[in-house]
$ cat input17.cif   # mmCIF, C-alpha atoms
data_work
#
loop_
_atom_site.label_atom_id
_atom_site.label_comp_id
_atom_site.auth_asym_id
_atom_site.auth_seq_id
_atom_site.Cartn_x
_atom_site.Cartn_y
_atom_site.Cartn_z
CA MET R 10 -7.46 67.10 27.03
CA SER R 11 -8.35 67.43 30.70
CA LYS R 12 -9.24 65.18 33.61
CA PHE R 13 -12.57 64.94 35.42
CA GLU R 14 -12.90 63.65 38.98
CA LEU R 15 -15.96 61.45 39.50
CA LYS R 16 -16.88 61.71 43.18
CA LEU R 17 -19.21 59.62 45.30
CA PRO R 18 -22.50 61.58 45.36
CA GLN R 19 -24.67 62.29 48.38
CA MET R 20 -26.86 59.20 48.82
CA GLY R 21 -29.35 60.27 51.45
CA GLU R 22 -29.77 62.13 54.67
CA SER R 23 -27.07 61.19 57.21
CA VAL R 24 -25.54 58.57 54.89
CA ALA R 25 -21.85 59.34 54.91
CA GLU R 26 -20.30 56.37 53.11
CA ALA R 27 -20.91 53.37 50.88
CA THR R 28 -19.26 50.10 49.92
CA LEU R 29 -18.05 49.72 46.34
CA THR R 30 -19.51 46.40 45.15
CA THR R 31 -18.72 46.24 41.42
CA TRP R 32 -16.66 48.07 38.81
CA LEU R 33 -18.63 48.20 35.55
CA LYS R 34 -15.80 49.78 33.52
CA GLU R 35 -12.13 48.94 33.06
CA ILE R 36 -9.17 51.31 32.63
CA GLY R 37 -9.15 52.54 29.03
CA ASP R 38 -12.87 52.00 28.44
CA THR R 39 -14.80 54.73 26.64
CA ILE R 40 -17.60 56.20 28.75
CA GLU R 41 -20.77 57.92 27.62
CA MET R 42 -22.65 60.63 29.50
CA ASP R 43 -24.85 59.09 32.27
CA GLU R 44 -23.36 55.64 31.69
CA ALA R 45 -22.92 53.64 34.91
CA ILE R 46 -19.28 53.35 36.07
CA PHE R 47 -19.57 51.36 39.30
CA GLU R 48 -22.09 50.00 41.78
CA ILE R 49 -22.33 50.84 45.47
CA ALA R 50 -24.26 49.54 48.46
CA THR R 51 -25.43 51.32 51.59
CA ASP R 52 -27.74 50.24 54.38
CA LYS R 53 -30.58 51.90 52.42
CA VAL R 54 -30.12 51.03 48.76
CA ASP R 55 -27.91 49.36 46.17
CA SER R 56 -27.31 51.67 43.23
CA GLU R 57 -25.27 52.40 40.13
CA VAL R 58 -23.26 55.63 39.91
CA PRO R 59 -23.28 57.20 36.43
CA SER R 60 -20.67 59.38 34.76
CA GLU R 61 -21.30 63.11 34.51
CA VAL R 62 -19.12 63.45 31.39
CA GLU R 63 -18.04 61.64 28.22
CA GLY R 64 -14.47 60.43 28.01
CA THR R 65 -12.07 57.61 28.82
CA LEU R 66 -11.56 55.98 32.24
CA ILE R 67 -7.90 56.43 33.16
CA GLU R 68 -7.84 55.79 36.91
CA ARG R 69 -9.78 53.84 39.53
CA ARG R 70 -9.02 55.09 43.04
CA PHE R 71 -10.78 52.30 44.96
CA GLU R 72 -11.20 48.56 44.72
CA VAL R 73 -14.24 46.32 45.20
CA ASP R 74 -15.34 46.13 48.88
CA ASP R 75 -13.58 49.39 49.75
CA VAL R 76 -15.58 51.80 51.89
CA ILE R 77 -15.88 55.23 50.24
CA LYS R 78 -16.94 58.45 51.90
CA VAL R 79 -19.33 60.87 50.23
CA GLY R 80 -17.26 63.35 48.21
CA ASP R 81 -14.28 61.02 47.74
CA VAL R 82 -12.88 60.83 44.20
CA VAL R 83 -13.64 57.31 42.99
CA ALA R 84 -12.55 57.53 39.35
CA VAL R 85 -10.75 59.90 37.00
CA ILE R 86 -12.03 60.34 33.44
CA GLU R 87 -10.06 61.95 30.62
CA VAL R 88 -12.27 64.31 28.63
CA GLU R 89 -11.86 66.59 25.68
CA GLY R 90 -11.78 70.33 26.39
CA GLU R 91 -11.60 71.93 29.81
CA GLY R 92 -12.51 70.00 32.95
CA ASN R 93 -11.73 70.09 36.63
CA GLU R 94 -7.97 69.41 36.54
CA VAL R 95 -6.69 67.05 39.21
CA PRO R 96 -3.11 66.49 40.35
CA MET R 97 -2.05 63.06 39.17
CA ASP R 98 0.49 60.89 40.95
CA SER R 99 0.68 57.39 39.53
CA ASN R 100 2.62 56.18 42.58
CA ALA R 101 0.18 57.51 45.09
CA ALA R 102 -2.17 54.93 46.55
CA PRO R 103 -5.67 55.90 47.59
CA VAL R 104 -5.94 56.66 51.27
CA VAL R 105 -8.64 54.70 53.06
CA GLU R 106 -9.18 55.36 56.74
CA GLU R 107 -8.91 52.24 58.87
CA ALA R 108 -11.71 53.20 61.20
CA VAL R 109 -15.00 54.11 59.62
CA GLU R 110 -17.89 55.58 61.52
CA GLU R 111 -21.23 53.91 60.91
CA PRO R 112 -24.00 55.94 59.26
CA ILE R 113 -26.13 57.69 61.85
CA ALA R 114 -29.51 57.17 60.22
CA GLN R 115 -30.80 53.86 58.92
CA ILE R 116 -34.01 53.04 57.07
CA GLN R 117 -35.51 52.45 60.50
CA GLN R 118 -34.47 52.43 64.14
CA GLN R 119 -35.05 49.10 65.85
CA VAL R 120 -36.41 49.54 69.34
CA PHE R 121 -36.09 46.50 71.59
CA THR R 122 -38.17 45.73 74.67
CA ALA R 123 -36.57 44.79 77.98
CA LYS R 124 -37.27 41.12 77.37
CA GLU R 125 -35.61 41.20 73.96
CA THR R 126 -32.65 43.05 75.45
CA ALA R 127 -32.15 40.16 77.83
CA LEU R 128 -32.29 37.60 75.02
CA THR R 129 -30.19 39.39 72.40
CA PRO R 130 -26.40 39.59 72.77
CA VAL R 131 -24.91 43.06 72.37
CA GLN R 132 -22.79 43.30 69.23
CA ASP R 133 -19.67 45.40 69.72
CA PHE R 134 -17.72 45.32 66.47
CA SER R 135 -15.04 47.58 67.88
CA SER R 136 -13.71 44.62 69.88
CA SER R 137 -12.57 42.91 66.68
CA GLU R 138 -9.17 43.58 65.13
CA ARG R 139 -10.70 42.87 61.74
CA PHE R 140 -12.19 45.58 59.48
CA TYR R 141 -15.86 45.26 58.49
CA SER R 142 -17.70 47.56 56.12
CA PRO R 143 -20.93 49.28 57.26
CA LEU R 144 -22.91 47.04 54.90
CA VAL R 145 -21.48 43.85 56.42
CA LYS R 146 -22.00 45.14 59.97
CA ASN R 147 -25.62 46.05 59.26
CA ILE R 148 -26.35 42.62 57.78
CA ALA R 149 -24.68 41.00 60.81
CA LYS R 150 -26.83 43.02 63.20
CA GLU R 151 -30.03 42.19 61.32
CA GLU R 152 -29.18 38.47 61.28
CA GLY R 153 -28.03 38.34 64.92
CA ILE R 154 -24.50 37.30 63.97
CA SER R 155 -22.09 37.83 66.88
CA ILE R 156 -18.59 39.23 66.55
CA ALA R 157 -17.20 35.76 67.31
CA GLN R 158 -19.14 34.26 64.42
CA LEU R 159 -18.24 37.13 62.12
CA ASP R 160 -14.54 36.66 62.81
CA THR R 161 -14.76 33.04 61.58
CA ILE R 162 -16.08 33.95 58.12
CA PRO R 163 -13.39 33.64 55.42
CA GLY R 164 -13.08 36.90 53.47
CA THR R 165 -12.67 36.97 49.72
CA GLY R 166 -12.31 40.75 49.48
CA LYS R 167 -9.25 42.96 49.47
CA GLU R 168 -6.78 41.99 52.23
CA GLY R 169 -9.13 39.20 53.31
CA ARG R 170 -12.08 41.48 54.03
CA VAL R 171 -15.53 39.96 54.42
CA THR R 172 -17.73 41.00 51.48
CA LYS R 173 -21.50 41.16 51.16
CA HIS R 174 -21.43 37.86 49.27
CA ASP R 175 -19.29 36.22 51.99
CA ILE R 176 -21.69 37.05 54.82
CA LEU R 177 -24.80 36.17 52.78
CA SER R 178 -23.22 32.83 51.92
CA PHE R 179 -22.47 32.27 55.62
CA ILE R 180 -26.09 33.09 56.54
CA GLU R 181 -27.39 30.68 53.92
CA ASN R 182 -25.19 27.83 55.12
CA ARG R 183 -24.91 28.49 58.85
CA GLY R 184 -27.60 25.94 59.65
CA THR R 185 -25.12 23.25 58.56
CA ASN R 186 -21.93 25.07 59.51
CA GLU R 187 -20.26 22.92 62.14
CA ASN R 188 -17.31 25.27 62.50
CA ALA R 189 -19.36 28.22 63.67
CA PRO R 190 -18.90 28.89 67.39
CA LYS R 191 -21.89 27.82 69.44
CA GLU R 192 -23.59 30.75 71.14
CA GLU R 193 -24.71 30.35 74.70
CA VAL R 194 -28.49 29.92 74.74
CA ILE R 195 -30.28 32.17 77.18
CA LYS R 196 -33.53 30.57 78.22
CA GLU R 197 -36.64 32.69 77.93
CA GLN R 198 -37.70 32.01 81.49
CA GLU R 199 -34.45 33.56 82.72
CA ALA R 200 -35.18 36.91 81.08
CA PRO R 201 -37.22 38.36 83.97
CA THR R 202 -34.14 38.26 86.22
CA LEU R 203 -32.88 41.28 84.28
CA GLU R 204 -34.95 44.12 85.68
CA ILE R 205 -35.23 47.04 83.33
CA LYS R 206 -37.80 49.77 83.77
CA GLN R 207 -39.08 50.80 80.39
CA THR R 208 -40.00 54.43 80.08
CA ALA R 209 -40.09 54.63 76.29
CA LYS R 210 -43.27 54.15 74.31
CA PRO R 211 -44.45 50.51 74.07
CA THR R 212 -43.44 48.61 70.98
CA HIS R 213 -44.75 45.49 69.28
CA ALA R 214 -42.54 42.89 70.89
CA THR R 215 -43.77 40.26 68.48
CA SER R 216 -42.06 42.06 65.59
CA THR R 217 -38.66 40.61 66.44
CA LYS R 218 -39.61 37.38 68.21
CA THR R 219 -38.61 34.08 66.71
CA SER R 220 -41.58 32.42 65.05
CA THR R 221 -43.00 29.32 66.72
CA VAL R 222 -44.82 28.16 63.58
CA GLN R 223 -44.49 24.43 63.14
CA VAL R 224 -43.01 23.33 59.82
CA SER R 225 -44.01 20.01 58.30
CA GLY R 226 -41.96 17.98 55.87
CA GLY R 227 -43.60 19.35 52.73
CA ASP R 228 -43.42 23.03 53.70
CA GLU R 229 -40.99 25.36 51.95
CA ILE R 230 -38.98 27.87 53.98
CA ILE R 231 -38.19 31.07 52.06
CA PRO R 232 -35.81 33.44 53.89
CA LEU R 233 -36.60 37.14 53.65
CA SER R 234 -34.26 39.09 51.40
CA ARG R 235 -32.25 41.93 52.90
CA MET R 236 -34.58 44.50 51.32
CA GLY R 237 -37.58 42.50 52.51
CA LYS R 238 -36.33 42.66 56.09
CA LEU R 239 -35.78 46.41 55.88
CA ILE R 240 -39.30 46.91 54.51
CA ALA R 241 -40.76 44.69 57.23
CA HIS R 242 -39.00 46.61 60.00
CA HIS R 243 -39.95 49.93 58.40
CA MET R 244 -43.63 48.95 58.27
CA VAL R 245 -43.71 47.74 61.89
CA GLU R 246 -41.96 50.91 63.02
CA SER R 247 -44.54 53.04 61.22
CA VAL R 248 -47.46 51.24 62.85
CA THR R 249 -45.90 51.64 66.29
CA THR R 250 -45.03 55.30 65.64
CA SER R 251 -48.10 56.82 64.01
CA ALA R 252 -51.73 56.72 65.10
CA HIS R 253 -53.16 55.48 61.80
CA VAL R 254 -56.65 56.69 60.83
CA GLN R 255 -58.33 56.17 57.45
CA SER R 256 -60.83 58.17 55.42
CA PHE R 257 -62.49 56.73 52.29
CA ILE R 258 -64.30 58.50 49.48
CA GLU R 259 -65.88 57.28 46.25
CA VAL R 260 -65.02 59.34 43.17
CA ASP R 261 -66.76 59.58 39.81
CA VAL R 262 -63.87 59.68 37.33
CA THR R 263 -65.96 59.30 34.17
CA ASN R 264 -64.71 62.61 32.77
CA VAL R 265 -61.08 61.61 33.43
CA VAL R 266 -61.53 58.22 31.74
CA ASN R 267 -63.27 59.71 28.69
CA TRP R 268 -60.68 62.49 28.32
CA ARG R 269 -57.73 60.08 28.57
CA ASN R 270 -59.28 57.73 26.01
CA LYS R 271 -59.65 60.70 23.66
CA VAL R 272 -56.08 62.07 23.94
CA LYS R 273 -53.84 59.11 24.83
CA LYS R 274 -53.05 58.14 21.21
CA SER R 275 -52.14 61.66 20.09
CA PHE R 276 -50.20 62.19 23.33
CA GLU R 277 -48.05 59.11 22.70
CA GLU R 278 -47.42 60.10 19.08
CA ARG R 279 -46.40 63.62 20.08
CA GLU R 280 -44.47 62.98 23.30
CA GLY R 281 -43.25 59.42 22.79
CA GLU R 282 -44.71 58.57 26.20
CA LYS R 283 -47.76 56.61 27.31
CA LEU R 284 -50.37 58.61 29.21
CA THR R 285 -51.56 56.62 32.23
CA PHE R 286 -53.97 57.71 34.95
CA THR R 287 -51.14 58.13 37.49
CA PRO R 288 -49.95 61.62 36.43
CA ILE R 289 -53.55 62.85 36.55
CA PHE R 290 -53.95 61.59 40.11
CA MET R 291 -50.55 63.00 41.11
CA GLU R 292 -51.53 66.41 39.76
CA ALA R 293 -54.71 66.29 41.86
CA VAL R 294 -52.75 65.35 45.01
CA ALA R 295 -50.18 68.12 44.48
CA ILE R 296 -52.96 70.71 44.10
CA ALA R 297 -54.71 69.43 47.25
CA ILE R 298 -51.46 69.64 49.24
CA LYS R 299 -50.99 73.26 48.17
CA LYS R 300 -54.46 73.96 49.56
CA PHE R 301 -53.82 72.00 52.77
CA PRO R 302 -50.06 72.33 53.47
CA LEU R 303 -50.37 70.78 56.94
CA ILE R 304 -50.65 67.41 55.19
CA ASN R 305 -47.10 68.02 53.91
CA VAL R 306 -45.39 67.83 57.31
CA SER R 307 -43.34 65.60 59.60
CA LEU R 308 -43.45 65.32 63.38
CA ASP R 309 -40.17 65.72 65.27
CA GLY R 310 -40.82 65.27 68.97
CA ASP R 311 -43.15 68.12 69.93
CA ASN R 312 -42.40 70.10 66.77
CA ILE R 313 -44.19 69.98 63.42
CA ILE R 314 -41.83 70.38 60.47
CA LYS R 315 -43.73 72.01 57.62
CA LYS R 316 -42.07 71.01 54.36
CA LYS R 317 -41.33 73.71 51.80
CA ASN R 318 -41.27 71.40 48.77
CA ILE R 319 -44.01 69.04 47.64
CA ASN R 320 -42.15 65.80 46.85
CA LEU R 321 -44.54 62.99 45.98
CA GLY R 322 -43.46 59.39 46.50
CA MET R 323 -44.99 56.81 44.16
CA ALA R 324 -44.87 53.26 45.49
CA ALA R 325 -43.64 50.88 42.75
CA ALA R 326 -43.63 47.08 42.87
CA LEU R 327 -40.37 45.40 41.85
CA PRO R 328 -40.09 42.14 39.87
CA ASP R 329 -38.85 40.31 42.99
CA GLY R 330 -41.98 41.25 44.93
CA ASN R 331 -40.35 44.00 46.99
CA LEU R 332 -41.40 47.63 47.00
CA ILE R 333 -39.54 50.87 46.33
CA VAL R 334 -40.76 54.47 46.46
CA PRO R 335 -39.15 56.80 43.90
CA VAL R 336 -39.86 60.48 44.55
CA ILE R 337 -41.21 63.14 42.17
CA LYS R 338 -39.42 66.28 43.36
CA ASN R 339 -41.38 69.57 43.34
CA ALA R 340 -44.41 67.85 41.85
CA ASP R 341 -46.53 70.98 42.11
CA GLN R 342 -44.24 72.73 39.60
CA LEU R 343 -44.78 70.14 36.82
CA ASN R 344 -47.46 70.35 34.16
CA LEU R 345 -49.23 67.17 33.10
CA VAL R 346 -46.73 66.43 30.32
CA GLY R 347 -43.78 66.84 32.68
CA MET R 348 -45.52 64.74 35.32
CA ALA R 349 -46.17 61.92 32.84
CA LYS R 350 -42.56 61.89 31.60
CA THR R 351 -41.15 61.93 35.14
CA ILE R 352 -43.44 59.15 36.35
CA ASN R 353 -42.72 56.90 33.36
CA ASP R 354 -38.97 57.43 33.73
CA LEU R 355 -38.92 56.68 37.47
CA ALA R 356 -41.18 53.65 37.10
CA ASN R 357 -39.08 52.13 34.29
CA ARG R 358 -35.80 52.64 36.12
CA ALA R 359 -37.29 51.31 39.36
CA ARG R 360 -38.19 48.04 37.61
CA ASN R 361 -34.65 47.84 36.19
CA ASN R 362 -32.96 48.63 39.54
CA ALA R 363 -31.43 51.75 38.00
CA LEU R 364 -32.64 54.44 40.42
CA LYS R 365 -30.11 56.81 41.93
CA PRO R 366 -30.01 57.09 45.74
CA ASP R 367 -31.14 60.71 45.56
CA GLU R 368 -34.31 59.65 43.72
CA ILE R 369 -35.75 57.68 46.65
CA ARG R 370 -35.27 60.24 49.41
CA GLU R 371 -36.88 63.45 50.69
CA GLY R 372 -40.45 62.39 49.91
CA THR R 373 -43.07 64.41 51.78
CA TYR R 374 -46.27 62.49 50.84
CA THR R 375 -46.80 59.11 49.19
CA VAL R 376 -49.34 57.71 46.71
CA THR R 377 -49.78 53.97 46.12
CA ASN R 378 -51.92 52.43 43.37
CA VAL R 379 -53.55 49.32 44.84
CA GLY R 380 -55.98 49.30 41.90
CA THR R 381 -53.20 47.99 39.68
CA PHE R 382 -53.81 44.58 41.25
CA GLY R 383 -57.60 44.85 41.15
CA SER R 384 -58.12 46.01 44.74
CA VAL R 385 -61.12 48.28 45.23
CA PHE R 386 -59.49 50.09 48.15
CA GLY R 387 -56.83 49.50 50.80
CA THR R 388 -55.52 50.81 54.11
CA PRO R 389 -51.89 51.70 53.37
CA ILE R 390 -49.24 52.16 56.05
CA ILE R 391 -47.68 55.62 56.31
CA ASN R 392 -44.15 55.96 54.91
CA GLN R 393 -42.23 57.49 57.82
CA PRO R 394 -41.46 60.28 58.59
CA GLN R 395 -44.43 61.45 56.50
CA VAL R 396 -47.91 61.81 58.01
CA GLY R 397 -50.13 60.67 55.13
CA ILE R 398 -50.45 58.23 52.25
CA LEU R 399 -53.16 57.89 49.58
CA ALA R 400 -54.23 54.58 48.03
CA LEU R 401 -55.83 54.62 44.57
CA GLY R 402 -58.42 51.88 44.05
CA ALA R 403 -59.39 50.15 40.81
CA ILE R 404 -61.57 52.09 38.35
CA ARG R 405 -64.83 50.19 37.75
CA LYS R 406 -67.95 50.82 35.73
CA MET R 407 -70.83 51.12 38.18
CA PRO R 408 -74.57 51.88 38.02
CA SER R 409 -75.04 55.31 39.56
CA VAL R 410 -77.75 57.83 40.32
CA ILE R 411 -77.27 60.90 38.13
CA GLU R 412 -78.97 64.12 39.21
CA THR R 413 -80.22 66.50 36.50
CA PRO R 414 -82.61 69.50 36.44
CA GLU R 415 -85.14 67.18 34.81
CA GLY R 416 -84.85 64.63 37.59
CA ASP R 417 -82.69 61.67 38.67
CA PHE R 418 -81.91 58.66 36.54
CA ILE R 419 -79.60 55.63 36.59
CA GLY R 420 -76.54 55.64 34.37
CA VAL R 421 -73.24 53.77 33.97
CA ARG R 422 -70.30 55.72 35.42
CA SER R 423 -66.58 55.03 35.99
CA LYS R 424 -65.90 55.12 39.72
CA MET R 425 -63.08 54.44 42.14
CA PHE R 426 -62.29 54.68 45.85
CA LEU R 427 -59.59 56.86 47.38
CA SER R 428 -58.25 55.65 50.75
CA HIS R 429 -56.37 58.18 52.85
CA SER R 430 -54.29 56.94 55.81
CA TYR R 431 -53.01 59.73 58.05
CA ASP R 432 -51.28 60.24 61.38
CA HIS R 433 -53.92 61.26 63.91
CA ARG R 434 -51.22 62.74 66.17
CA VAL R 435 -51.01 65.76 63.86
CA VAL R 436 -53.78 65.34 61.26
CA ASN R 437 -57.31 65.35 62.65
CA GLY R 438 -60.37 63.92 60.93
CA ALA R 439 -61.45 67.28 59.53
CA LEU R 440 -58.13 67.97 57.81
CA GLY R 441 -57.78 64.38 56.60
CA GLY R 442 -61.33 64.40 55.23
CA MET R 443 -61.09 67.83 53.57
CA PHE R 444 -57.84 66.85 51.88
CA ILE R 445 -59.23 63.70 50.27
CA LYS R 446 -62.46 65.53 49.34
CA THR R 447 -60.39 68.17 47.52
CA VAL R 448 -58.63 65.44 45.50
CA ALA R 449 -62.01 63.91 44.63
CA ASP R 450 -63.58 67.25 43.64
CA TYR R 451 -60.65 68.03 41.32
CA LEU R 452 -61.01 64.69 39.54
CA GLU R 453 -64.80 64.88 39.24
CA ALA R 454 -64.60 68.40 37.77
CA TRP R 455 -62.08 67.34 35.10
CA ASP R 456 -62.55 69.28 31.87
CA VAL R 457 -63.17 66.81 29.03
CA ASN R 458 -62.11 69.53 26.57
CA ARG R 459 -58.79 70.18 28.26
CA GLU R 460 -55.85 70.74 25.91
CA ILE R 461 -52.56 69.00 26.56
#
$ encode --input "input17.cif" --output "structure tokens"
Amino acid sequence: MSKFELKLPQMGESVAEATLTTWLKEIGDTIEMDEAIFEIATDKVDSEVPSEVEGTLIERRFEVDDVIKVGDVVAVIEVEGEGNEVPMDSNAAPVVEEAVEEPIAQIQQQVFTAKETALTPVQDFSSSERFYSPLVKNIAKEEGISIAQLDTIPGTGKEGRVTKHDILSFIENRGTNENAPKEEVIKEQEAPTLEIKQTAKPTHATSTKTSTVQVSGGDEIIPLSRMGKLIAHHMVESVTTSAHVQSFIEVDVTNVVNWRNKVKKSFEEREGEKLTFTPIFMEAVAIAIKKFPLINVSLDGDNIIKKKNINLGMAAALPDGNLIVPVIKNADQLNLVGMAKTINDLANRARNNALKPDEIREGTYTVTNVGTFGSVFGTPIINQPQVGILALGAIRKMPSVIETPEGDFIGVRSKMFLSHSYDHRVVNGALGGMFIKTVADYLEAWDVNREI
């Protein structure tokens, strides 16, 4: 018998730590390969962490609400055969640093105008003697909760720490919370007395202003979820960062539709997977990116970062109405069978909230299927720091002019629109147009006799 150390995996670029939210296994429980052991939360994603081995859980190094750094040993699993032996000391308590540095990168960077700076109190959590996890601090910042208010929240976590559930409960009830300290109201007309010269690029000030919409007695107020707020900020940031331009093209996908109808039953019987249109479109996008690699870039100041790998993000709607973008890594290296299996796996686990943090990062180009909801085409917002995103419209049967050596005639064809949004700071109209035309040409030339 040997012991295996289960460490906290890397969860994204510049994310150095996470909060342990739930233990899914108890000491002595038998664990299967890839079975989830515990859940974590960062400012980017909530996720389960699976086991890399089969065995028995014999030690838990951290408790719920503890902050864990990437690479820390969270659990020890006893396995049969040889493993990575660890020195065991039953009397040794896990060492948790009292001061934790906040993650450098968040899903988005909120940029405030001078007027908003005057209205928003600065939150300095270092002035409190109380420990707060990065997750709690990020929620407090997003909700405008001051350090004085945060210090009044009763903590139900270890050593009285404020948990995610504690602060969310406070937010839900603070409208009726008479014990919360009253914040000094700074009148809007007083803001101009603070003179700040803004040299940064202009931002949409309305993105963080309090709404002045009047609410009548029968109206329902639905607060945005935490993920909803992150998505909203991310979308506004993208619009204020990139110069969005769109190109549209109509594609005759009759050959694709006929081929899929012919092979989908045998494909499912052989592979145990459904064959949708998505892997076909993803294959076309990956091939077009290889031909036009300057679509697969990011802009960093005055430098263009040309990405080595083609990692395609596929926007997926969640049951709660939110959106997540799992990433198909090295999509250009997958054949159609591999693409179909990867897409089905990511889509299923996205709907079940079972994606790993590594599976939603490092995307270099994104595809979104607006046709799923019947939309003919759309104008998608670029997923930063990428410079392009493709929207797939609904496939419809349309009357069409068909050219033949014998002359033109009208026939029924399956057609769809492709909508390409791209960042005009680095992608001009010629490149954006040629890219989407290449995708269309690949689909229109689809071989109906193709073997799979």
$ closest_atom_pairs --input "input17.cif" --of "stretch 337-391 of chain R" --to "stretch 292-296 of chain R" --cutoff "10 Å" --atoms "all atoms listed in the file" --output "tab-separated table"
residue	atom	partner	partner_atom	distance
R:Asn339	CA	R:Ala295	CA	9.0
R:Ala340	CA	R:Ala295	CA	6.3
R:Asp341	CA	R:Ala295	CA	5.2
R:Gln342	CA	R:Ala295	CA	9.0
R:Leu343	CA	R:Glu292	CA	8.3
R:Asn344	CA	R:Glu292	CA	8.0
R:Leu345	CA	R:Glu292	CA	7.1
R:Met348	CA	R:Glu292	CA	7.7
R:Ala349	CA	R:Glu292	CA	9.8
R:Tyr374	CA	R:Val294	CA	9.2
R:Thr375	CA	R:Val294	CA	9.6
R:Val376	CA	R:Val294	CA	8.5
$ closest_residue --input "input17.cif" --among "R:Arg139, R:Glu57, R:Glu72, R:Gln19" --to "R:Glu35" --atoms "only C-alpha atoms"
R:Glu72
$ atom_distance --input "input17.cif" --atom1 "atom CA of R:Lys299" --atom2 "atom CA of R:Gly322"
15.9 Å
$ resolve_selection --input "input17.cif" --expression "the PyMOL selection byres ((chain R and resi 43-49) around 6)" --output "list in words"
Thr28, Leu29, Thr30, Thr31, Trp32, Leu33, Lys34, Glu41, Met42, Ala50, Asp55, Ser56, Glu57, Val58, Pro59, Ser60 and Glu61 of chain R
$ resolve_selection --input "input17.cif" --expression "the PyMOL selection byres ((chain R and resi 329) around 10)" --output "JSON, numbers by chain"
{"R": [234, 237, 326, 327, 328, 330, 331, 332, 360]}
$ write_last_selection --input "input17.cif" --atoms "C-alpha atoms" --output "mmCIF file, in the coordinates of the input"
data_model
loop_
_atom_site.group_PDB
_atom_site.id
_atom_site.type_symbol
_atom_site.label_atom_id
_atom_site.label_comp_id
_atom_site.auth_asym_id
_atom_site.auth_seq_id
_atom_site.Cartn_x
_atom_site.Cartn_y
_atom_site.Cartn_z
ATOM 1 C CA SER R 234 -34.260 39.090 51.400
ATOM 2 C CA GLY R 237 -37.580 42.500 52.510
ATOM 3 C CA ALA R 326 -43.630 47.080 42.870
ATOM 4 C CA LEU R 327 -40.370 45.400 41.850
ATOM 5 C CA PRO R 328 -40.090 42.140 39.870
ATOM 6 C CA GLY R 330 -41.980 41.250 44.930
ATOM 7 C CA ASN R 331 -40.350 44.000 46.990
ATOM 8 C CA LEU R 332 -41.400 47.630 47.000
ATOM 9 C CA ARG R 360 -38.190 48.040 37.610
#
$ resolve_selection --input "input17.cif" --expression "the PyMOL selection byres ((chain R and resi 367-370) around 6)" --output "list in words"
Met20, Val334, Pro335, Val336, Lys365, Pro366, Glu371 and Gly372 of chain R
$ atom_distance --input "input17.cif" --atom1 "atom CA of R:Gly153" --atom2 "atom CA of R:Thr51"
18.8 Å
$ decode --input "input17.cif" --residues "stretch 417-425 of chain R" --atoms "N, CA, C and O atoms" --output "short mmCIF file (atom, residue, chain, number, x, y, z; two decimals), in the first residue's frame"
data_model
loop_
_atom_site.label_atom_id
_atom_site.label_comp_id
_atom_site.auth_asym_id
_atom_site.auth_seq_id
_atom_site.Cartn_x
_atom_site.Cartn_y
_atom_site.Cartn_z
N ASP R 417 -29.89 28.09 -65.50
CA ASP R 417 -30.25 28.30 -64.10
C ASP R 417 -31.68 27.80 -63.84
O ASP R 417 -32.54 27.89 -64.72
N PHE R 418 -31.88 27.29 -62.62
CA PHE R 418 -33.24 26.92 -62.24
C PHE R 418 -33.40 27.10 -60.73
O PHE R 418 -32.43 27.30 -60.00
N ILE R 419 -34.62 27.08 -60.28
CA ILE R 419 -34.92 27.27 -58.85
C ILE R 419 -35.04 25.91 -58.18
O ILE R 419 -35.72 25.00 -58.67
N GLY R 420 -34.38 25.77 -57.05
CA GLY R 420 -34.45 24.53 -56.29
C GLY R 420 -34.50 24.81 -54.79
O GLY R 420 -34.25 25.93 -54.35
N VAL R 421 -34.85 23.82 -54.00
CA VAL R 421 -34.90 23.94 -52.54
C VAL R 421 -33.55 23.53 -51.97
O VAL R 421 -33.08 22.41 -52.22
N ARG R 422 -32.92 24.44 -51.21
CA ARG R 422 -31.60 24.18 -50.65
C ARG R 422 -31.62 24.47 -49.15
O ARG R 422 -32.43 25.28 -48.66
N SER R 423 -30.72 23.83 -48.40
CA SER R 423 -30.55 24.11 -46.97
C SER R 423 -29.50 25.20 -46.82
O SER R 423 -28.36 25.02 -47.26
N LYS R 424 -29.90 26.32 -46.20
CA LYS R 424 -28.99 27.45 -46.10
C LYS R 424 -28.93 27.99 -44.68
O LYS R 424 -29.85 27.78 -43.88
N MET R 425 -27.85 28.69 -44.39
CA MET R 425 -27.68 29.31 -43.08
C MET R 425 -26.80 30.55 -43.23
O MET R 425 -26.11 30.73 -44.24
#
